[in-house]
Amino acid sequence: MKISRFMALCGVSYVAFASAGFAQEVYELDMINVSLVDEGQENVEATGGAVISEEDIEVLSPQNVSELFARESAVTVAGGAGPAKRIHVFGMEQSNLAVTVDGVPQVGTSWHHTGSSVVDPAFLKSVEVEAGAAAADAGFAAAAGAVRYETVSAYDMLADGDVAGGRASLTYGDNGQGFSGSLASFGIYENLDWMVMIHAQDGDNYEAGDGTEMPGTAPAAKGLLSKFGYEFGTSRVELAYERSEDDEDRVIKMNMDLNHDDTVYPLDVSRDTLSLRYTSTAPTDMWDPDFMIYATQNDYWRPNYASGTRPFNGDMILDDDVVGGVLKNTFTVGAGSISAGIDFAKEDFSIDNYGDSTVVPQYTDLSTTQVGAFAQGRFSFANGIDLSAGLRADYHKLEDMDGQTFEGTGLSANATVSYEFAPGFEVFAGGSRTWLGYDVGEFALMHAADYSIDPDYEAGTATNFKIGLNGTVGDFSGGIAYYDTKIKDLANYLRSGDYGTISNSGEVRSKGVTLNGQYNWDTGRFGASYTKADVTEDGDFVIPDGGTVMPVSDLATLYVDQELPSMNMKVGATVEWAGKLDDDLMEAGGYKAHDSYTVVNAYAEWMLPQLEGATLRLGVDNIFDELYYERSSYVYREISDTRTVYPAYASGRTISLTATLDF
C-alpha cells in the first residue's frame with residue numbers, strides 16, 4: 001500500500017518542522033553508562049553498545065550520519081555523498097541489525113552503492129546501538145544487534161512552564177557545505193500536543209584534504225517530521241508522519257570514485273513513514289501497552305541515462321513498501337518486568353530497469369510476510385545479579401519473482417546476566433541464537449541480470465556471544481567487552497552475464513574487543529573508546545568490496561567537552577583514529593592497503609545573554625585537512641588495465657557557523 005493512500009485514509013496533511021539537534025531541555029546523560037544490566041539497558045552501553053544522548057547530539061550538531069557517530073569507535077560509516085553513507089557496527093552493515101525509528105522498523109539496504117541512513121540527524125533526540133545479542137522485543141531478524149533512533153517531540157522541546165514555542169536554526173559552512181536551515185513549531189493545547197519541523201540543506205561539491213573536488217557530493221537533504229498527540233481518559237494516541245529526501249545529481253556509484261569519472265546524473269532517494277500509536281497515561285503493573293501500526297515507502301529513482309550505451313550501470317526505479325504493526329504490553333512482576341507481544345509486517349519489493357535488456361525482465365516483483373510473538377524479561381535481584389532473557393517465535397514467507405514460495409517458522413532466544421561482585425564493579429555474559437527468515441539482500445542487483453532463487457534456499461541464522469567487565473570509581477567509569485557474532489545463510493547473488501542465481505552465503509563473522517572509558521567533572525567530561533574487529537567470511541579475511549560485511553580492524557576515538565560558565569560558552573573536540581589495514585587477500589585482489597588516518601574536529605558554542613534563547617556555534621571539522629576515506633569505504637583497486645576504483649575521499653577542512661533561536 002502506498003503511503004499517499006494510507007495518508008489520505010488518515011486525513012494527514014503534509015506539514016513542516018525543524019532541527020532537533022538543539023533540543024532545549026538538556027539531559028546530563030553520560031556517554032558511557034556502566035549501570036548496569038537492569039532498566040532495559042542490558043545490551044546497550046553496559047555490554048559493548050553505544051548510546052548517543054540528547055546532550056551528545058547537541059554537542060555534535062551533526063549534518064550527516066558520519067558526524068552523528070564520530071565518537072563511537074564501534075560504528076563506522078562509508079564515505080561519499082549523503083545518500084551513499086552505509087552504517088556498519090563491528091563491520092556488520094546495518095541491514096544485519098533490527099533498525100527502528102520511534103519504534104517503526106526500517107527496511108534493509110536495497111543496493112550496495114546506496115546508503116543505509118534511515119533518519120535525518122536534524123530530527124534526532126537519541127540513538128541506541130545494541131551490539132550483539134539483541135533482546136526479543138528489539139524486532140525480527142536482529143542478527144547482529146539493533147539500532148534504535150528516537151526523534152524529538154513537543155515535550156522535549158518545550159521550556160518549563162511554556163505551552164507553545166518555536167525554534168529557528170541556520171547554518172553556513174565553507175568547502176561545499178553551503179546553507180542548511182530548520183524551523184519548528186510545537187506546543188500543547190488542552191489534551192492536544194503537536195510538533196511540526198522542516199529541515200533542508202543546499203550546497204556544492206566538497207574538496208578532499210588534498211584539494212581535489214569530489215563530484216556528486218553536494219548536500220541536498222530535506223525533510224519533514226510531524227507528530228500530533230491526543231490524550232483522553234487514561235489513553236494517548238499519536239499520529240506521526242516523516243519524510244526525508246535527497247534529490248541531486250550524483251555519480252553513477254556514489255560510494256566510490258570509479259575511473260575518476262566526474263559525470264553526474266539525476267538521483268532521487270526518498271523515504272516516507274506514517275505511524276499511529278496508542279499508549280496509556282496511567283499504566284499499572286498489569287497494563288502498560290504500546291500498540292502501533294505503520295506504513296513506510298522507500299523509493300530510489302535514477303532516470304534511464306544509459307540505455308543503448310552503458311546499460312545496467314545503475315539506472316533503475318526501486319520501490320520498497322511495508323505495512324506492519326507492533327502490539328506489546330509490559331507487566332511489572334516481582335524483581336522486574338516482562339515485555340510481551342506480537343509484531344507483523346508485509347513488505348513488497350519492486351524493480352524497474354527501463355527494459356535495457358531483451359533478456360532481463362523490465363519489471364521484477366517479490367514480497368515477504370512476517371509474523372512474530374515475543375517475550376523479554378528483565379530482572380534485578382538484591383544479591384547483585386541482573387538478568388535479561390527472552391524468546392521469539394517467527395513465521396516468515398518469501399514469494400519470489402518466479403512464483404516460488406519459501407516459508408517456515410523459527411525460534412530465537414537470548415540471555416544476558418551480570419553480577420556486581422564489588423560496589424561499582426560487575427562482570428557480564430550474554431548470548432543469543434536468532435532465526436532470520438529468508439533474506440532478500442540487496443534486491444536492486446536484480447536490475448542487471450535475470451536472477452532466480454535456488455529452490456533449496458534456506459532461512460538464515462545468527463549466533464552472538466559476549467563477555468565483559470564494567471567498573472565505576474568516583475567520577476570515572478569504563479568497561480571492556482569481548483564479542484563474537486556469526487551469521488549464516490544470507491542472500492548470495494552470483495551473476496554470469498545476463499543470468500544469476502540467489503543462493504545461501506556461507507558464514508560471516510565479526511569478533512573482537514571494545515573498550516570505553518569516561519571521566520566526568522562538574523563542568524565537563526573526557527572520554528575514549530577503542531574497537532578491534534576481525535571480520536571474516538568462511539574463515540577468510542573479508543575484502544573491502546562494499547558488501548554487507550566490511551573489514552574495519554583497529555579504531556579509536558577521543559573526545560572532550562568543557563563548559564565555561566563565566567563566558568556563557570562550551571568548547572570541545574573529537575579525535576577519530578583508524579589503524580592501517582592490509583591482508584594478502586587484498587593484495588591478491590588488486591586492493592591497496594587502508595592507510596591509517598587521524599581526524600580532529602572542534603567546536604565552540606556561545607549562549608548570547610543579549611538575546612534570550614539565542615546561541616552561536618562555530619565548528620571546524622578535519623582541522624588538519626587530512627586526506628582520508630572512512631574505514632568501511634571502498635579502497636583503491638586496480639580491477640583491469642582499463643578499470644580502476646578510487647575511494648570516495650571524505651571532506652577536507654570545513655568551517656561552519658550555526659545560529660539558533662528559541663522563541
# chains A, B, ... in the order shown; residues from 1 in each chain; ligands from 1
$ residues_around --residues "stretch 618-630 of chain A" --least-positions-apart "2" --cutoff "7 Å" --atoms "only C-alpha atoms" --output "list in words"
Val77, Ala78, Gly79, Ala208, Gly209, Asp210, Tyr597, Val599, Val600, Asn601, Ala602, Tyr603, Ala604, Glu605, Leu616, Ser632, Ser633, Pro647, Ala648, Tyr649, Ala650, Gly652, Arg653, Thr654, Ile655, Ser656, Leu657 and Thr658 of chain A
$ write_last_selection --atoms "N, CA, C and O atoms" --output "tab-separated table (two decimals), in the first residue's frame"
chain	number	residue	atom	x	y	z
A	77	VAL	N	31.05	4.53	9.18
A	77	VAL	CA	30.15	4.99	8.13
A	77	VAL	C	30.95	5.16	6.85
A	77	VAL	O	31.99	5.82	6.84
A	78	ALA	N	30.49	4.56	5.76
A	78	ALA	CA	31.18	4.68	4.48
A	78	ALA	C	31.06	6.10	3.96
A	78	ALA	O	30.11	6.82	4.25
A	79	GLY	N	32.06	6.53	3.15
A	79	GLY	CA	32.10	7.89	2.68
A	79	GLY	C	31.33	8.11	1.39
A	79	GLY	O	30.66	7.23	0.87
A	208	ALA	N	38.37	17.25	-1.03
A	208	ALA	CA	39.08	16.36	-0.10
A	208	ALA	C	40.27	17.11	0.50
A	208	ALA	O	40.55	18.26	0.16
A	209	GLY	N	40.99	16.43	1.39
A	209	GLY	CA	42.09	17.07	2.09
A	209	GLY	C	43.20	17.57	1.19
A	209	GLY	O	43.94	18.48	1.57
A	210	ASP	N	43.35	17.01	-0.03
A	210	ASP	CA	44.39	17.46	-0.95
A	210	ASP	C	43.89	18.50	-1.94
A	210	ASP	O	44.60	18.86	-2.88
A	597	TYR	N	44.64	6.85	9.51
A	597	TYR	CA	44.32	8.28	9.48
A	597	TYR	C	43.91	8.76	10.87
A	597	TYR	O	43.46	7.98	11.71
A	599	VAL	N	41.75	12.19	12.40
A	599	VAL	CA	40.94	13.35	12.07
A	599	VAL	C	40.56	14.06	13.37
A	599	VAL	O	40.11	13.41	14.33
A	600	VAL	N	40.73	15.37	13.41
A	600	VAL	CA	40.43	16.17	14.60
A	600	VAL	C	39.33	17.17	14.25
A	600	VAL	O	39.43	17.91	13.26
A	601	ASN	N	38.28	17.20	15.07
A	601	ASN	CA	37.18	18.15	14.93
A	601	ASN	C	37.05	18.94	16.23
A	601	ASN	O	37.32	18.42	17.31
A	602	ALA	N	36.62	20.19	16.14
A	602	ALA	CA	36.46	21.01	17.35
A	602	ALA	C	35.27	21.94	17.18
A	602	ALA	O	34.81	22.22	16.06
A	603	TYR	N	34.75	22.44	18.31
A	603	TYR	CA	33.62	23.36	18.28
A	603	TYR	C	33.69	24.31	19.46
A	603	TYR	O	34.36	24.06	20.48
A	604	ALA	N	32.98	25.41	19.33
A	604	ALA	CA	32.77	26.36	20.43
A	604	ALA	C	31.35	26.89	20.30
A	604	ALA	O	30.92	27.25	19.19
A	605	GLU	N	30.65	26.94	21.41
A	605	GLU	CA	29.25	27.38	21.39
A	605	GLU	C	29.04	28.47	22.43
A	605	GLU	O	29.48	28.36	23.57
A	616	LEU	N	25.15	30.71	19.34
A	616	LEU	CA	26.00	30.65	18.16
A	616	LEU	C	26.98	29.50	18.33
A	616	LEU	O	27.52	29.30	19.42
A	632	SER	N	34.92	2.00	6.50
A	632	SER	CA	34.10	0.98	5.82
A	632	SER	C	33.80	1.36	4.37
A	632	SER	O	32.84	0.88	3.78
A	633	SER	N	34.67	2.21	3.77
A	633	SER	CA	34.53	2.61	2.38
A	633	SER	C	35.28	1.65	1.45
A	633	SER	O	36.13	0.87	1.88
A	647	PRO	N	38.90	5.50	-4.10
A	647	PRO	CA	37.99	5.69	-2.96
A	647	PRO	C	37.29	7.05	-3.02
A	647	PRO	O	37.79	7.99	-3.64
A	648	ALA	N	36.14	7.12	-2.39
A	648	ALA	CA	35.43	8.39	-2.24
A	648	ALA	C	35.98	9.07	-0.98
A	648	ALA	O	35.59	8.75	0.14
A	649	TYR	N	36.92	9.99	-1.19
A	649	TYR	CA	37.57	10.65	-0.07
A	649	TYR	C	36.58	11.51	0.71
A	649	TYR	O	35.64	12.08	0.15
A	650	ALA	N	36.81	11.60	2.01
A	650	ALA	CA	35.98	12.41	2.87
A	650	ALA	C	36.34	13.89	2.70
A	650	ALA	O	37.35	14.25	2.09
A	652	GLY	N	37.64	17.64	3.27
A	652	GLY	CA	38.76	18.30	3.93
A	652	GLY	C	38.26	19.27	4.99
A	652	GLY	O	37.11	19.21	5.43
A	653	ARG	N	39.13	20.15	5.41
A	653	ARG	CA	38.76	21.08	6.49
A	653	ARG	C	37.51	21.88	6.12
A	653	ARG	O	37.41	22.45	5.03
A	654	THR	N	36.56	21.90	7.04
A	654	THR	CA	35.28	22.58	6.82
A	654	THR	C	34.95	23.42	8.05
A	654	THR	O	34.93	22.90	9.17
A	655	ILE	N	34.68	24.70	7.84
A	655	ILE	CA	34.34	25.62	8.93
A	655	ILE	C	32.87	26.00	8.78
A	655	ILE	O	32.41	26.34	7.68
A	656	SER	N	32.12	25.89	9.88
A	656	SER	CA	30.69	26.20	9.83
A	656	SER	C	30.29	27.09	11.00
A	656	SER	O	30.91	27.04	12.07
A	657	LEU	N	29.27	27.89	10.79
A	657	LEU	CA	28.70	28.75	11.83
A	657	LEU	C	27.20	28.54	11.86
A	657	LEU	O	26.53	28.62	10.83
A	658	THR	N	26.69	28.26	13.06
A	658	THR	CA	25.26	27.98	13.24
A	658	THR	C	24.66	28.98	14.22
A	658	THR	O	25.21	29.20	15.31
$ residues_around --residues "A:Ser566" --least-positions-apart "6" --cutoff "12 Å" --atoms "only C-alpha atoms" --output "ChimeraX atom specification"
/A:523,606-607,609
$ residues_around --residues "A:Ser185" --least-positions-apart "4" --cutoff "6 Å" --atoms "only C-alpha atoms" --output "ChimeraX atom specification"
/A:166,195-196
$ atom_distance --atom1 "atom CA of A:Asp160" --atom2 "atom CA of A:Leu661"
16.7 Å
$ select_by_dssp --residues "stretch 291-494 of chain A" --states "strand (DSSP E)" --output "JSON, numbers by chain"
{"A": [291, 292, 293, 294, 295, 296, 297, 298, 299, 300, 301, 302, 316, 317, 318, 319, 320, 321, 322, 323, 324, 325, 326, 327, 328, 329, 330, 331, 332, 333, 336, 337, 338, 339, 340, 341, 342, 343, 344, 345, 346, 347, 348, 349, 350, 351, 352, 363, 364, 365, 366, 367, 368, 369, 370, 371, 372, 373, 374, 375, 376, 377, 378, 379, 380, 385, 386, 387, 388, 389, 390, 391, 392, 393, 394, 395, 396, 397, 398, 399, 405, 406, 407, 408, 409, 410, 411, 412, 413, 414, 415, 416, 417, 418, 419, 420, 421, 422, 425, 426, 427, 428, 429, 430, 431, 432, 433, 434, 435, 436, 437, 450, 451, 452, 453, 460, 461, 462, 463, 464, 465, 466, 467, 468, 469, 470, 471, 472, 473, 476, 477, 478, 479, 480, 481, 482, 483, 484, 485, 486, 487, 488, 491, 492, 493, 494]}
$ residues_around --residues "A:Ser153" --least-positions-apart "4" --cutoff "8 Å" --atoms "only C-alpha atoms" --output "ChimeraX atom specification"
/A:157,194-195,227
$ write_last_selection --atoms "N, CA, C and O atoms" --output "PDB file, in the first residue's frame"
ATOM      1  N   MET A 157      10.946  19.679  23.493  1.00  0.00           N
ATOM      2  CA  MET A 157      11.388  20.983  23.036  1.00  0.00           C
ATOM      3  C   MET A 157      10.795  22.142  23.834  1.00  0.00           C
ATOM      4  O   MET A 157      11.332  23.253  23.805  1.00  0.00           O
ATOM      5  N   TRP A 194       1.392  19.046  19.721  1.00  0.00           N
ATOM      6  CA  TRP A 194       1.823  18.970  18.331  1.00  0.00           C
ATOM      7  C   TRP A 194       3.274  19.389  18.189  1.00  0.00           C
ATOM      8  O   TRP A 194       3.820  20.117  19.024  1.00  0.00           O
ATOM      9  N   MET A 195       3.883  18.933  17.138  1.00  0.00           N
ATOM     10  CA  MET A 195       5.201  19.380  16.740  1.00  0.00           C
ATOM     11  C   MET A 195       5.331  19.205  15.230  1.00  0.00           C
ATOM     12  O   MET A 195       5.031  18.146  14.692  1.00  0.00           O
ATOM     13  N   LYS A 227       4.323  15.366  14.483  1.00  0.00           N
ATOM     14  CA  LYS A 227       3.720  14.487  15.485  1.00  0.00           C
ATOM     15  C   LYS A 227       2.526  15.203  16.105  1.00  0.00           C
ATOM     16  O   LYS A 227       2.637  16.368  16.502  1.00  0.00           O
TER      17      LYS A 227
END
$ closest_residue --among "A:Leu608, A:Ile543, A:Val104, A:Val575" --to "A:His594" --atoms "only C-alpha atoms"
A:Ile543
$ residues_around --residues "A:Val371" --least-positions-apart "6" --cutoff "8 Å" --atoms "only C-alpha atoms" --output "ChimeraX atom specification"
/A:342-345,394-396
$ write_last_selection --atoms "all heavy atoms" --output "CSV table (one decimal), in the first residue's frame"
chain,number,residue,atom,x,y,z
A,342,ILE,N,3.2,-9.2,20.0
A,342,ILE,CA,3.4,-9.7,18.6
A,342,ILE,C,3.8,-8.5,17.7
A,342,ILE,O,3.6,-7.3,18.0
A,342,ILE,CB,2.1,-10.3,18.1
A,342,ILE,CG1,0.9,-9.3,18.1
A,342,ILE,CG2,1.7,-11.5,19.0
A,342,ILE,CD1,-0.3,-9.8,17.4
A,343,ASP,N,4.5,-8.9,16.6
A,343,ASP,CA,4.8,-7.9,15.6
A,343,ASP,C,4.5,-8.6,14.2
A,343,ASP,O,4.6,-9.8,14.1
A,343,ASP,CB,6.2,-7.3,15.7
A,343,ASP,CG,7.3,-8.4,15.8
A,343,ASP,OD1,7.1,-9.5,15.3
A,343,ASP,OD2,8.3,-8.0,16.5
A,344,PHE,N,4.3,-7.8,13.2
A,344,PHE,CA,4.0,-8.3,11.9
A,344,PHE,C,4.3,-7.3,10.8
A,344,PHE,O,4.4,-6.1,11.1
A,344,PHE,CB,2.5,-8.7,11.8
A,344,PHE,CG,1.5,-7.6,12.1
A,344,PHE,CD1,1.1,-6.8,11.1
A,344,PHE,CD2,1.1,-7.4,13.4
A,344,PHE,CE1,0.2,-5.7,11.4
A,344,PHE,CE2,0.3,-6.4,13.7
A,344,PHE,CZ,-0.2,-5.5,12.7
A,345,ALA,N,4.6,-7.8,9.6
A,345,ALA,CA,5.0,-6.9,8.5
A,345,ALA,C,4.8,-7.5,7.2
A,345,ALA,O,5.1,-8.7,7.0
A,345,ALA,CB,6.4,-6.4,8.6
A,394,ASP,N,8.9,-16.9,15.2
A,394,ASP,CA,8.5,-16.1,14.0
A,394,ASP,C,8.1,-17.0,12.8
A,394,ASP,O,8.6,-18.1,12.7
A,394,ASP,CB,9.7,-15.3,13.5
A,394,ASP,CG,10.0,-14.1,14.4
A,394,ASP,OD1,9.2,-13.1,14.3
A,394,ASP,OD2,11.0,-14.1,15.1
A,395,TYR,N,7.2,-16.5,12.0
A,395,TYR,CA,6.8,-17.1,10.8
A,395,TYR,C,7.2,-16.2,9.7
A,395,TYR,O,7.0,-15.0,9.8
A,395,TYR,CB,5.3,-17.4,10.7
A,395,TYR,CG,4.8,-17.6,9.3
A,395,TYR,CD1,4.9,-18.9,8.7
A,395,TYR,CD2,4.2,-16.6,8.6
A,395,TYR,CE1,4.4,-19.1,7.4
A,395,TYR,CE2,3.7,-16.8,7.3
A,395,TYR,CZ,3.8,-18.1,6.7
A,395,TYR,OH,3.3,-18.3,5.4
A,396,HIS,N,7.8,-16.7,8.6
A,396,HIS,CA,8.3,-15.8,7.5
A,396,HIS,C,8.0,-16.5,6.2
A,396,HIS,O,8.3,-17.7,6.1
A,396,HIS,CB,9.8,-15.6,7.7
A,396,HIS,CG,10.3,-14.4,6.8
A,396,HIS,ND1,11.2,-14.6,5.8
A,396,HIS,CD2,10.0,-13.1,6.8
A,396,HIS,CE1,11.5,-13.4,5.3
A,396,HIS,NE2,10.7,-12.5,5.8
$ atom_distance --atom1 "atom CA of A:Tyr483" --atom2 "atom CA of A:Asn464"
7.4 Å
$ atom_distance --atom1 "atom CA of A:Ser412" --atom2 "atom CA of A:Gly390"
8.3 Å
$ residues_around --residues "stretch 259-264 of chain A" --least-positions-apart "2" --cutoff "8 Å" --atoms "only C-alpha atoms" --output "JSON, numbers by chain"
{"A": [215, 216, 249, 250, 251, 252, 257, 266, 643, 644, 645, 646]}
$ residues_around --residues "A:Gly203" --least-positions-apart "2" --cutoff "8 Å" --atoms "only C-alpha atoms" --output "list in words"
Gly176, Gln177, Gly178, Phe179, Gln201, Asn205, Ala218, Pro219 and Ala220 of chain A
$ closest_atom_pairs --of "stretch 508-549 of chain A" --to "stretch 434-449 of chain A" --cutoff "12 Å" --atoms "only C-alpha atoms" --output "Markdown table"
| residue | atom | partner | partner_atom | distance |
| --- | --- | --- | --- | --- |
| A:Gly546 | CA | A:Glu442 | CA | 11.7 |
| A:Gly547 | CA | A:Glu442 | CA | 9.5 |
| A:Thr548 | CA | A:Gly441 | CA | 8.8 |
$ write_last_selection --atoms "all heavy atoms" --output "mmCIF file, in the first residue's frame"
data_model
loop_
_atom_site.group_PDB
_atom_site.id
_atom_site.type_symbol
_atom_site.label_atom_id
_atom_site.label_comp_id
_atom_site.auth_asym_id
_atom_site.auth_seq_id
_atom_site.Cartn_x
_atom_site.Cartn_y
_atom_site.Cartn_z
ATOM 1 N N GLY A 546 32.636 -3.276 -0.479
ATOM 2 C CA GLY A 546 31.361 -2.592 -0.314
ATOM 3 C C GLY A 546 30.212 -3.478 0.080
ATOM 4 O O GLY A 546 29.054 -3.063 -0.011
ATOM 5 N N GLY A 547 30.475 -4.683 0.544
ATOM 6 C CA GLY A 547 29.412 -5.628 0.868
ATOM 7 C C GLY A 547 28.758 -5.361 2.208
ATOM 8 O O GLY A 547 29.004 -4.353 2.872
ATOM 9 N N THR A 548 27.914 -6.314 2.617
ATOM 10 C CA THR A 548 27.188 -6.157 3.878
ATOM 11 C C THR A 548 28.054 -6.475 5.081
ATOM 12 O O THR A 548 27.618 -6.315 6.216
ATOM 13 C CB THR A 548 25.935 -7.051 3.901
ATOM 14 O OG1 THR A 548 26.316 -8.406 3.657
ATOM 15 C CG2 THR A 548 24.945 -6.617 2.844
#
$ closest_residue --among "A:Glu93, A:Asp386, A:Glu407, A:Asp402" --to "A:Phe428" --atoms "only C-alpha atoms"
A:Asp386
$ closest_residue --among "A:Asp352, A:Glu576, A:Asp246, A:Asp538" --to "A:Ser73" --atoms "only C-alpha atoms"
A:Glu576
$ closest_residue --among "A:Ala138, A:Ser275, A:Met256, A:Asp554" --to "A:Gly372" --atoms "only C-alpha atoms"
A:Ala138
$ select_by_dssp --residues "stretch 564-626 of chain A" --states "alpha helix (DSSP H)" --output "PDB file with N, CA, C and O atoms, in the first residue's frame"
ATOM      1  N   ASP A 584      46.874 -10.274   2.740  1.00  0.00           N
ATOM      2  CA  ASP A 584      47.335 -10.895   1.494  1.00  0.00           C
ATOM      3  C   ASP A 584      46.209 -11.016   0.472  1.00  0.00           C
ATOM      4  O   ASP A 584      46.442 -10.895  -0.742  1.00  0.00           O
ATOM      5  N   LEU A 585      44.976 -11.273   0.938  1.00  0.00           N
ATOM      6  CA  LEU A 585      43.848 -11.381   0.012  1.00  0.00           C
ATOM      7  C   LEU A 585      43.537 -10.039  -0.639  1.00  0.00           C
ATOM      8  O   LEU A 585      43.113  -9.989  -1.802  1.00  0.00           O
ATOM      9  N   MET A 586      43.724  -8.944   0.094  1.00  0.00           N
ATOM     10  CA  MET A 586      43.551  -7.621  -0.504  1.00  0.00           C
ATOM     11  C   MET A 586      44.568  -7.407  -1.616  1.00  0.00           C
ATOM     12  O   MET A 586      44.229  -6.972  -2.727  1.00  0.00           O
ATOM     13  N   GLU A 587      45.811  -7.724  -1.342  1.00  0.00           N
ATOM     14  CA  GLU A 587      46.872  -7.535  -2.331  1.00  0.00           C
ATOM     15  C   GLU A 587      46.632  -8.404  -3.554  1.00  0.00           C
ATOM     16  O   GLU A 587      46.783  -7.953  -4.701  1.00  0.00           O
ATOM     17  N   ALA A 588      46.206  -9.658  -3.339  1.00  0.00           N
ATOM     18  CA  ALA A 588      45.955 -10.563  -4.455  1.00  0.00           C
ATOM     19  C   ALA A 588      44.795 -10.086  -5.323  1.00  0.00           C
ATOM     20  O   ALA A 588      44.755 -10.344  -6.533  1.00  0.00           O
TER      21      ALA A 588
END
$ decode --residues "stretch 418-440 of chain A" --atoms "N, CA and C atoms" --output "short mmCIF file (atom, residue, chain, number, x, y, z; two decimals), in the first residue's frame"
data_model
loop_
_atom_site.label_atom_id
_atom_site.label_comp_id
_atom_site.auth_asym_id
_atom_site.auth_seq_id
_atom_site.Cartn_x
_atom_site.Cartn_y
_atom_site.Cartn_z
N SER A 418 24.45 -10.38 34.54
CA SER A 418 25.57 -9.66 35.13
C SER A 418 25.60 -9.89 36.63
N TYR A 419 26.78 -9.75 37.20
CA TYR A 419 26.94 -9.92 38.65
C TYR A 419 27.83 -8.80 39.19
N GLU A 420 27.30 -8.02 40.11
CA GLU A 420 28.07 -6.96 40.76
C GLU A 420 28.82 -7.59 41.92
N PHE A 421 30.10 -7.88 41.68
CA PHE A 421 30.88 -8.62 42.67
C PHE A 421 31.51 -7.70 43.71
N ALA A 422 31.54 -6.40 43.44
CA ALA A 422 32.01 -5.39 44.40
C ALA A 422 31.29 -4.09 44.06
N PRO A 423 31.14 -3.18 45.00
CA PRO A 423 30.43 -1.94 44.70
C PRO A 423 31.02 -1.21 43.49
N GLY A 424 30.19 -1.03 42.48
CA GLY A 424 30.62 -0.34 41.27
C GLY A 424 31.28 -1.21 40.23
N PHE A 425 31.44 -2.52 40.48
CA PHE A 425 32.12 -3.40 39.53
C PHE A 425 31.23 -4.61 39.22
N GLU A 426 31.14 -4.94 37.94
CA GLU A 426 30.33 -6.09 37.54
C GLU A 426 30.98 -6.82 36.37
N VAL A 427 30.70 -8.09 36.30
CA VAL A 427 31.03 -8.90 35.13
C VAL A 427 29.72 -9.29 34.46
N PHE A 428 29.77 -9.51 33.15
CA PHE A 428 28.55 -9.90 32.45
C PHE A 428 28.89 -10.87 31.34
N ALA A 429 27.88 -11.63 30.95
CA ALA A 429 27.99 -12.52 29.79
C ALA A 429 26.62 -12.59 29.13
N GLY A 430 26.63 -12.68 27.83
CA GLY A 430 25.38 -12.75 27.09
C GLY A 430 25.51 -13.58 25.84
N GLY A 431 24.40 -14.10 25.36
CA GLY A 431 24.40 -14.88 24.15
C GLY A 431 23.02 -14.91 23.51
N SER A 432 22.99 -15.23 22.23
CA SER A 432 21.71 -15.33 21.53
C SER A 432 21.85 -16.26 20.34
N ARG A 433 20.73 -16.83 19.97
CA ARG A 433 20.61 -17.57 18.72
C ARG A 433 19.36 -17.03 18.05
N THR A 434 19.50 -16.50 16.81
CA THR A 434 18.41 -15.78 16.16
C THR A 434 18.08 -16.41 14.82
N TRP A 435 16.78 -16.63 14.60
CA TRP A 435 16.28 -17.13 13.32
C TRP A 435 15.92 -15.91 12.46
N LEU A 436 16.44 -15.86 11.22
CA LEU A 436 16.37 -14.66 10.41
C LEU A 436 15.36 -14.72 9.27
N GLY A 437 14.73 -15.84 9.06
CA GLY A 437 13.85 -15.96 7.92
C GLY A 437 14.63 -15.98 6.61
N TYR A 438 13.95 -15.68 5.51
CA TYR A 438 14.54 -15.81 4.17
C TYR A 438 15.03 -14.44 3.69
N ASP A 439 16.32 -14.24 3.79
CA ASP A 439 16.93 -12.95 3.50
C ASP A 439 16.80 -12.60 2.02
N VAL A 440 16.37 -11.37 1.73
CA VAL A 440 16.26 -10.89 0.36
C VAL A 440 17.56 -10.24 -0.10
#
